[in-house]
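First up is the structure itself, then whatever we jot down about it.
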Amino acid sequence: MFAAEAAGLNALASAAGDTLIIPRVLHTGPLPSPPNGRPSSFIVMEHLDLGAGAAGRLSQRALGAGLATVHAAPPADSRGFGFASDNWIGGSPQPNGWMESWVDFFRERRLLHMNRLLASPGSPVDRMVRQLAAPGALESFFDDGEEVIRPSLIHGDLWSGNMSIAGATRSPGGAPGWSILDPAAYYAHDEAEFGMSWCASFGGEFWEGYRSLIPEAPGFAKRRPLYELYHIMNHAVMFGGGYVGQAEALLARLTRGL
């Protein structure tokens with residue numbers, strides 16, 4: 001898990017340049033003397049003074065522009081959609097085996113994978129996920145005539161708990177800046193980044209900064225619930241309760257008319 005996190009942080013740092021503050025990974029490895037004799041491991045990262053009382057003074061415009069810079073960066077790997085290693089989304093495994101087609105990747109590596117973790121065969125969630133993943137059904141969300149989707153590096157789990165103001169940056173003046181951390185990174189459709197925006201508190205200034213570099217695609221509003229579904233299903237896997245009902249309601253909305 002820590003090795004995968006390090007790989008994600010390193011990839012984000014490379015794509016972001018100086019537009020965002022990504023914690024440097026110093027070392028990962030197994031603990032030489034695991035507590036209680038159980039195998040364990042660790043990650044050591046650069047210390048960042050997160051929060052630092054600056055959150056109310058720094059515009060989200062820079063966060064939006066920085067994230068767009070990451071999404072617009074040329075892919076460091078030419079194998080398509082996926083990542084060099086599997087990783088985790090929260091506590092759930094996230095498979096990232098490479099695929100050339102984004103729609104096929106999202107179908108196989110995201111929707112059907114999460115369905116296997118969450119739903120029993122024949123349950124309402126299982127039936128609707130399979131309806132949504134059927135040939136031609138998922139493709140209908142991408143029929144707005146926009147250009148072919150290119151792989152973009154995304155953070156993958158961007159909610160308010162995984163972004164913060166870093167009160168002392170690496171610049172000589174030590175000005176505060178935006179930091180993103182704890183990624184579930186992979187190469188994806190850039191819009192998939194916003195599947196967690198229901199708990200990310202992105203304001204108008206964020207979207208102004210982001211859209212100044214990446215304009216909104218015609219089908220974004222139609223696809224946004226699709227990308228939210230993956231994360232709602234994952235919350236249902238991890239926490240159960242009302243998230244199962246939310247997944248069912250979102251699936252009913254997405255499959256209506258298919």
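Chain identifiers are assigned as A, B, and so on, following the order in which chains appear in the structure tokens; residues are numbered from 1 within each chain, and ligands are numbered from 1 in order of appearance.
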I'd like the contact shell of Ala166 of chain A - 8 Å cut-off, only C-alpha atoms, skipping same-chain residues fewer than 4 positions apart - returned as a list in words. Ile21, Leu48, Asp49, Leu50, Gly51, Ala52, Pro176, Gly177, Trp178 and Ser179 of chain A
Contacts between segment 192-213 of chain A and segment 60-123 of chain A, please, where a residue of segment 60-123 of chain A counts if it comes within 9 Å (with only C-alpha atoms); show its shortest atom pair and distance in Å to one decimal, rows by chain and ascending number, as CSV.
```
residue,atom,partner,partner_atom,distance
A:Gln60,CA,A:Phe206,CA,4.6
A:Arg61,CA,A:Gly209,CA,4.4
A:Ala62,CA,A:Gly209,CA,6.3
A:Leu63,CA,A:Phe206,CA,6.3
A:Gly64,CA,A:Tyr210,CA,4.2
A:Ala65,CA,A:Gly209,CA,4.5
A:Gly66,CA,A:Tyr210,CA,7.6
A:Leu67,CA,A:Tyr210,CA,6.9
A:Ala68,CA,A:Tyr210,CA,5.3
A:Thr69,CA,A:Leu213,CA,7.6
A:Ala72,CA,A:Leu213,CA,8.2
```
Per residue of segment 63-137 of chain A within 8 Å of segment 215-239 of chain A, note the shortest atom pair and the distance in Å to one decimal, counting only C-alpha atoms, and order the rows by chain and increasing residue number, as CSV.
```
residue,atom,partner,partner_atom,distance
A:Ile89,CA,A:Asn234,CA,7.8
A:Gly91,CA,A:Met238,CA,7.0
A:Ser92,CA,A:Asn234,CA,7.2
A:Arg110,CA,A:Tyr230,CA,6.7
A:Leu111,CA,A:Tyr230,CA,6.4
A:Met114,CA,A:Met233,CA,6.7
A:Asn115,CA,A:Met233,CA,7.7
A:Leu117,CA,A:Val237,CA,6.7
A:Leu118,CA,A:Val237,CA,5.3
```
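Here the question is which of A:Pro32, A:Gly82, A:Gly241, A:Pro121 gets nearest to Tyr187 of chain A using only C-alpha atoms, and that residue is A:Gly82.
With only C-alpha atoms as the atoms that count, the minimum distance from Ile43 of chain A to the choices A:Leu9, A:His113, A:Asp157, A:Thr19 is reached by A:Leu9.
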Would you please extract all helix (DSSP H, G or I) residues from segment 48-152 of chain A, as assigned by DSSP on the backbone, and give them as a ChimeraX atom specification? /A:61-72,102-118,124-133,138-142
How would the residues just picked look written out with C-alpha atoms as a PDB file, in the first residue's frame?
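The resulting file, again_2.pdb, is reproduced below:
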```pdb
ATOM      1  CA  ARG A  61      -8.347  29.408  -8.011  1.00  0.00           C
ATOM      2  CA  ALA A  62      -4.728  28.246  -7.635  1.00  0.00           C
ATOM      3  CA  LEU A  63      -5.940  24.784  -6.582  1.00  0.00           C
ATOM      4  CA  GLY A  64      -8.133  24.533  -9.685  1.00  0.00           C
ATOM      5  CA  ALA A  65      -5.388  25.722 -12.020  1.00  0.00           C
ATOM      6  CA  GLY A  66      -2.868  23.373 -10.382  1.00  0.00           C
ATOM      7  CA  LEU A  67      -5.159  20.380 -10.743  1.00  0.00           C
ATOM      8  CA  ALA A  68      -5.808  21.266 -14.385  1.00  0.00           C
ATOM      9  CA  THR A  69      -2.038  21.415 -14.913  1.00  0.00           C
ATOM     10  CA  VAL A  70      -1.768  17.851 -13.601  1.00  0.00           C
ATOM     11  CA  HIS A  71      -4.603  16.669 -15.849  1.00  0.00           C
ATOM     12  CA  ALA A  72      -3.146  18.396 -18.908  1.00  0.00           C
ATOM     13  CA  TRP A 102     -11.303   4.381 -21.341  1.00  0.00           C
ATOM     14  CA  VAL A 103     -14.879   3.070 -21.576  1.00  0.00           C
ATOM     15  CA  ASP A 104     -13.636  -0.527 -21.380  1.00  0.00           C
ATOM     16  CA  PHE A 105     -11.335   0.377 -18.466  1.00  0.00           C
ATOM     17  CA  PHE A 106     -14.111   2.072 -16.528  1.00  0.00           C
ATOM     18  CA  ARG A 107     -16.450  -0.838 -17.211  1.00  0.00           C
ATOM     19  CA  GLU A 108     -14.035  -3.608 -16.196  1.00  0.00           C
ATOM     20  CA  ARG A 109     -11.669  -2.023 -13.671  1.00  0.00           C
ATOM     21  CA  ARG A 110     -14.124   0.269 -11.923  1.00  0.00           C
ATOM     22  CA  LEU A 111     -17.848  -0.576 -12.224  1.00  0.00           C
ATOM     23  CA  LEU A 112     -17.720  -4.372 -12.479  1.00  0.00           C
ATOM     24  CA  HIS A 113     -14.840  -4.604 -10.009  1.00  0.00           C
ATOM     25  CA  MET A 114     -16.695  -2.550  -7.404  1.00  0.00           C
ATOM     26  CA  ASN A 115     -19.862  -4.529  -8.094  1.00  0.00           C
ATOM     27  CA  ARG A 116     -18.011  -7.738  -7.200  1.00  0.00           C
ATOM     28  CA  LEU A 117     -16.905  -6.183  -3.897  1.00  0.00           C
ATOM     29  CA  LEU A 118     -20.340  -4.832  -3.019  1.00  0.00           C
ATOM     30  CA  PRO A 124     -30.781  -4.758  -7.188  1.00  0.00           C
ATOM     31  CA  VAL A 125     -27.299  -3.205  -7.309  1.00  0.00           C
ATOM     32  CA  ASP A 126     -25.901  -6.149  -9.273  1.00  0.00           C
ATOM     33  CA  ARG A 127     -28.751  -6.096 -11.817  1.00  0.00           C
ATOM     34  CA  MET A 128     -28.473  -2.354 -12.441  1.00  0.00           C
ATOM     35  CA  VAL A 129     -24.660  -2.338 -12.634  1.00  0.00           C
ATOM     36  CA  ARG A 130     -24.809  -5.086 -15.256  1.00  0.00           C
ATOM     37  CA  GLN A 131     -27.454  -3.139 -17.158  1.00  0.00           C
ATOM     38  CA  LEU A 132     -25.258  -0.038 -17.072  1.00  0.00           C
ATOM     39  CA  ALA A 133     -22.140  -1.991 -18.082  1.00  0.00           C
ATOM     40  CA  LEU A 138     -22.018   2.725 -21.031  1.00  0.00           C
ATOM     41  CA  GLU A 139     -20.946   4.069 -24.424  1.00  0.00           C
ATOM     42  CA  SER A 140     -24.108   6.197 -24.557  1.00  0.00           C
ATOM     43  CA  PHE A 141     -22.618   8.495 -21.909  1.00  0.00           C
ATOM     44  CA  PHE A 142     -19.781   9.350 -24.300  1.00  0.00           C
TER      45      PHE A 142
END
```
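Using only C-alpha atoms for every distance, the candidate list A:Phe83, A:Ser164, A:Ser152, A:Ala137 yields A:Ala137 as the residue closest to Leu254 of chain A.
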